[in-house]
file entry_26.pdb (PDB, C-alpha atoms and all ligand atoms)
ATOM      1  CA  MET C   1       9.938 -52.665   5.271  1.00  0.00           C
ATOM      2  CA  SER C   2      12.020 -54.700   2.871  1.00  0.00           C
ATOM      3  CA  LEU C   3      15.569 -53.972   1.884  1.00  0.00           C
ATOM      4  CA  ARG C   4      16.589 -53.885  -1.742  1.00  0.00           C
ATOM      5  CA  PRO C   5      19.832 -53.180  -3.539  1.00  0.00           C
ATOM      6  CA  CYS C   6      19.957 -49.617  -4.865  1.00  0.00           C
ATOM      7  CA  ARG C   7      19.471 -49.650  -8.634  1.00  0.00           C
ATOM      8  CA  HIS C   8      22.232 -47.055  -8.953  1.00  0.00           C
ATOM      9  CA  CYS C   9      24.991 -48.367  -6.703  1.00  0.00           C
ATOM     10  CA  GLY C  10      23.776 -51.675  -5.182  1.00  0.00           C
ATOM     11  CA  HIS C  11      23.773 -50.403  -1.582  1.00  0.00           C
ATOM     12  CA  ASN C  12      20.953 -51.999   0.469  1.00  0.00           C
ATOM     13  CA  VAL C  13      18.143 -49.464   0.953  1.00  0.00           C
ATOM     14  CA  HIS C  14      14.516 -49.541   2.097  1.00  0.00           C
ATOM     15  CA  GLN C  15      12.134 -50.129  -0.793  1.00  0.00           C
ATOM     16  CA  GLN C  16      10.118 -46.962  -0.083  1.00  0.00           C
ATOM     17  CA  THR C  17      13.029 -44.594   0.441  1.00  0.00           C
ATOM     18  CA  THR C  18      13.190 -41.605  -1.898  1.00  0.00           C
ATOM     19  CA  ASP C  19      16.972 -41.080  -1.984  1.00  0.00           C
ATOM     20  CA  CYS C  20      19.789 -43.568  -1.659  1.00  0.00           C
ATOM     21  CA  PRO C  21      21.778 -42.771   1.515  1.00  0.00           C
ATOM     22  CA  ASN C  22      24.931 -44.031  -0.196  1.00  0.00           C
ATOM     23  CA  CYS C  23      24.886 -42.483  -3.678  1.00  0.00           C
ATOM     24  CA  GLY C  24      21.937 -40.064  -3.398  1.00  0.00           C
ATOM     25  CA  GLY C  25      20.134 -41.575  -6.399  1.00  0.00           C
ATOM     26  CA  PRO C  26      16.362 -41.047  -6.629  1.00  0.00           C
ATOM     27  CA  THR C  27      13.911 -43.878  -5.707  1.00  0.00           C
ATOM     28  CA  PRO C  28      16.729 -46.445  -5.354  1.00  0.00           C
ATOM     29  CA  GLY C  29      14.408 -49.223  -4.125  1.00  0.00           C
ATOM     30  CA  LEU C  30      12.134 -49.225  -7.161  1.00  0.00           C
ATOM     31  CA  THR C  31      12.784 -50.794 -10.533  1.00  0.00           C
ATOM     32  CA  THR C  32      11.970 -48.817 -13.681  1.00  0.00           C
ATOM     33  CA  GLU C  33       8.902 -51.014 -14.207  1.00  0.00           C
ATOM     34  CA  GLU C  34       7.630 -50.256 -10.707  1.00  0.00           C
ATOM     35  CA  ARG C  35       8.214 -46.538 -11.241  1.00  0.00           C
ATOM     36  CA  THR C  36       6.204 -46.678 -14.481  1.00  0.00           C
ATOM     37  CA  ARG C  37       3.457 -48.641 -12.761  1.00  0.00           C
ATOM     38  CA  SER C  38       3.221 -46.171  -9.870  1.00  0.00           C
ATOM     39  CA  GLY C  39       3.035 -43.359 -12.433  1.00  0.00           C
ATOM     40  CA  LEU C  40       0.169 -45.123 -14.188  1.00  0.00           C
ATOM     41  CA  MET C  41      -1.541 -45.698 -10.831  1.00  0.00           C
ATOM     42  CA  LEU C  42      -1.284 -41.976 -10.122  1.00  0.00           C
ATOM     43  CA  ALA C  43      -2.732 -41.144 -13.540  1.00  0.00           C
ATOM     44  CA  ALA C  44      -5.577 -43.622 -13.000  1.00  0.00           C
ATOM     45  CA  LEU C  45      -6.238 -42.162  -9.557  1.00  0.00           C
ATOM     46  CA  LEU C  46      -6.337 -38.642 -11.007  1.00  0.00           C
ATOM     47  CA  ALA C  47      -8.747 -39.783 -13.712  1.00  0.00           C
ATOM     48  CA  LEU C  48     -10.943 -41.416 -11.049  1.00  0.00           C
ATOM     49  CA  VAL C  49     -11.126 -38.075  -9.222  1.00  0.00           C
ATOM     50  CA  ILE C  50     -11.349 -35.715 -12.185  1.00  0.00           C
ATOM     51  CA  VAL C  51     -13.915 -37.595 -14.287  1.00  0.00           C
ATOM     52  CA  PRO C  52     -16.644 -37.773 -11.580  1.00  0.00           C
ATOM     53  CA  MET C  53     -15.964 -34.124 -10.710  1.00  0.00           C
ATOM     54  CA  ALA C  54     -16.339 -33.136 -14.354  1.00  0.00           C
ATOM     55  CA  VAL C  55     -19.583 -35.112 -14.592  1.00  0.00           C
ATOM     56  CA  LEU C  56     -20.848 -33.504 -11.390  1.00  0.00           C
ATOM     57  CA  PHE C  57     -19.872 -30.048 -12.665  1.00  0.00           C
ATOM     58  CA  TYR C  58     -21.561 -30.687 -15.991  1.00  0.00           C
ATOM     59  CA  GLY C  59     -24.650 -31.891 -14.088  1.00  0.00           C
ATOM     60  CA  CYS C  60     -24.776 -28.617 -12.117  1.00  0.00           C
ATOM     61  CA  ILE C  61     -24.465 -26.536 -15.288  1.00  0.00           C
ATOM     62  CA  SER C  62     -27.245 -28.545 -16.908  1.00  0.00           C
ATOM     63  CA  ALA C  63     -29.453 -28.108 -13.813  1.00  0.00           C
ATOM     64  CA  PHE C  64     -28.942 -24.339 -13.915  1.00  0.00           C
ATOM     65  CA  ALA C  65     -29.549 -24.194 -17.638  1.00  0.00           C
ATOM     66  CA  GLY C  66     -32.764 -26.090 -17.082  1.00  0.00           C
TER      67      GLY C  66
HETATM   68 ZN    ZN C 101      22.725 -45.910  -4.341  1.00  0.00          ZN
END
call {"tool": "encode", "arguments": {"input": "entry_26.pdb", "output": "structure tokens", "more": "lines below"}}
Ligand SMILES: [Zn+2]
result
Amino acid sequence: MSLRPCRHCGHNVHQQTTDCPNCGGPTPGLTTEERTRSGLMLAALLALVIVPMAVLFYGCISAFAG
């Protein structure tokens, strides 16, 4: 675990912590860029799950339809 200055108040916090223990700010250990990137990662992950499921579902429908 690495310590980083809180982006709200500058208090040293763990990078992965969700709330600053000093000022209560959200995700104090992440920069805005990192927050955006993790959001994109989540979207990509969702797409990786949803797209194959949709293809599989479509395949089942096609199999039933003959
Ligand atoms: Zn803070």
call {"tool": "residues_around", "arguments": {"input": "entry_26.pdb", "residues": "Asn12 in chain C", "least_positions_apart": "6", "cutoff": "10 Å", "atoms": "all atoms listed in the file", "output": "list in words"}}
result
Ser2, Leu3, Arg4, Pro5, Cys6, Cys20, Pro21, Asn22, Pro28 and Gly29 of chain C
call {"tool": "resolve_selection", "arguments": {"input": "entry_26.pdb", "expression": "the PyMOL selection byres (((not hetatm)) within 6 of (chain C and resi 101))", "output": "list of chain:residue names"}}
result
C:Cys6, C:His8, C:Cys9, C:Gly10, C:His11, C:Cys20, C:Asn22, C:Cys23, C:Gly24, C:Gly25
call {"tool": "residues_near_point", "arguments": {"input": "entry_26.pdb", "point": "(14.9, -45.5, -3.3)", "cutoff": "6 Å", "atoms": "all atoms listed in the file", "output": "list of chain:residue names"}}
result
C:Gln15, C:Gln16, C:Thr17, C:Thr18, C:Asp19, C:Cys20, C:Pro26, C:Thr27, C:Pro28, C:Gly29
call {"tool": "atom_distance", "arguments": {"input": "entry_26.pdb", "atom1": "CA of Met53 in chain C", "atom2": "CA of Arg37 in chain C"}}
result
24.3 Å
call {"tool": "atom_distance", "arguments": {"input": "entry_26.pdb", "atom1": "CA of Val13 in chain C", "atom2": "CA of Leu40 in chain C"}}
result
23.9 Å
call {"tool": "atom_distance", "arguments": {"input": "entry_26.pdb", "atom1": "CA of Arg7 in chain C", "atom2": "CA of Thr31 in chain C"}}
result
7.0 Å
call {"tool": "closest_residue", "arguments": {"input": "entry_26.pdb", "among": "C:Phe64, C:Val49, C:His14, C:Phe57", "to": "Leu30 in chain C", "atoms": "all atoms listed in the file"}}
result
C:His14
call {"tool": "decode", "arguments": {"input": "entry_26.pdb", "residues": "range 19-51 of chain C", "atoms": "C-alpha atoms", "output": "mmCIF file, in the first residue's frame"}}
result
data_model
loop_
_atom_site.group_PDB
_atom_site.id
_atom_site.type_symbol
_atom_site.label_atom_id
_atom_site.label_comp_id
_atom_site.auth_asym_id
_atom_site.auth_seq_id
_atom_site.Cartn_x
_atom_site.Cartn_y
_atom_site.Cartn_z
ATOM 1 C CA ASP C 19 -12.776 8.333 1.915
ATOM 2 C CA CYS C 20 -10.156 10.667 3.301
ATOM 3 C CA PRO C 21 -9.934 10.161 7.090
ATOM 4 C CA ASN C 22 -9.043 13.836 7.484
ATOM 5 C CA CYS C 23 -11.501 15.722 5.266
ATOM 6 C CA GLY C 24 -13.892 12.924 4.229
ATOM 7 C CA GLY C 25 -13.373 13.567 0.507
ATOM 8 C CA PRO C 26 -14.135 10.699 -1.893
ATOM 9 C CA THR C 27 -11.288 8.614 -3.448
ATOM 10 C CA PRO C 28 -8.585 10.944 -2.061
ATOM 11 C CA GLY C 29 -5.695 8.764 -3.295
ATOM 12 C CA LEU C 30 -6.657 8.855 -6.963
ATOM 13 C CA THR C 31 -6.060 11.641 -9.440
ATOM 14 C CA THR C 32 -8.876 12.665 -11.785
ATOM 15 C CA GLU C 33 -7.072 10.901 -14.640
ATOM 16 C CA GLU C 34 -6.887 7.663 -12.659
ATOM 17 C CA ARG C 35 -10.571 7.935 -11.765
ATOM 18 C CA THR C 36 -11.443 8.374 -15.454
ATOM 19 C CA ARG C 37 -9.220 5.452 -16.389
ATOM 20 C CA SER C 38 -10.795 3.158 -13.786
ATOM 21 C CA GLY C 39 -14.216 4.199 -15.098
ATOM 22 C CA LEU C 40 -13.159 3.284 -18.627
ATOM 23 C CA MET C 41 -11.758 -0.024 -17.358
ATOM 24 C CA LEU C 42 -15.117 -0.768 -15.749
ATOM 25 C CA ALA C 43 -16.942 0.084 -18.975
ATOM 26 C CA ALA C 44 -14.560 -2.121 -20.972
ATOM 27 C CA LEU C 45 -15.033 -4.945 -18.477
ATOM 28 C CA LEU C 46 -18.817 -4.616 -18.737
ATOM 29 C CA ALA C 47 -18.601 -4.679 -22.528
ATOM 30 C CA LEU C 48 -16.403 -7.796 -22.340
ATOM 31 C CA VAL C 49 -19.106 -9.515 -20.273
ATOM 32 C CA ILE C 50 -22.208 -8.197 -22.018
ATOM 33 C CA VAL C 51 -21.122 -8.649 -25.645
#
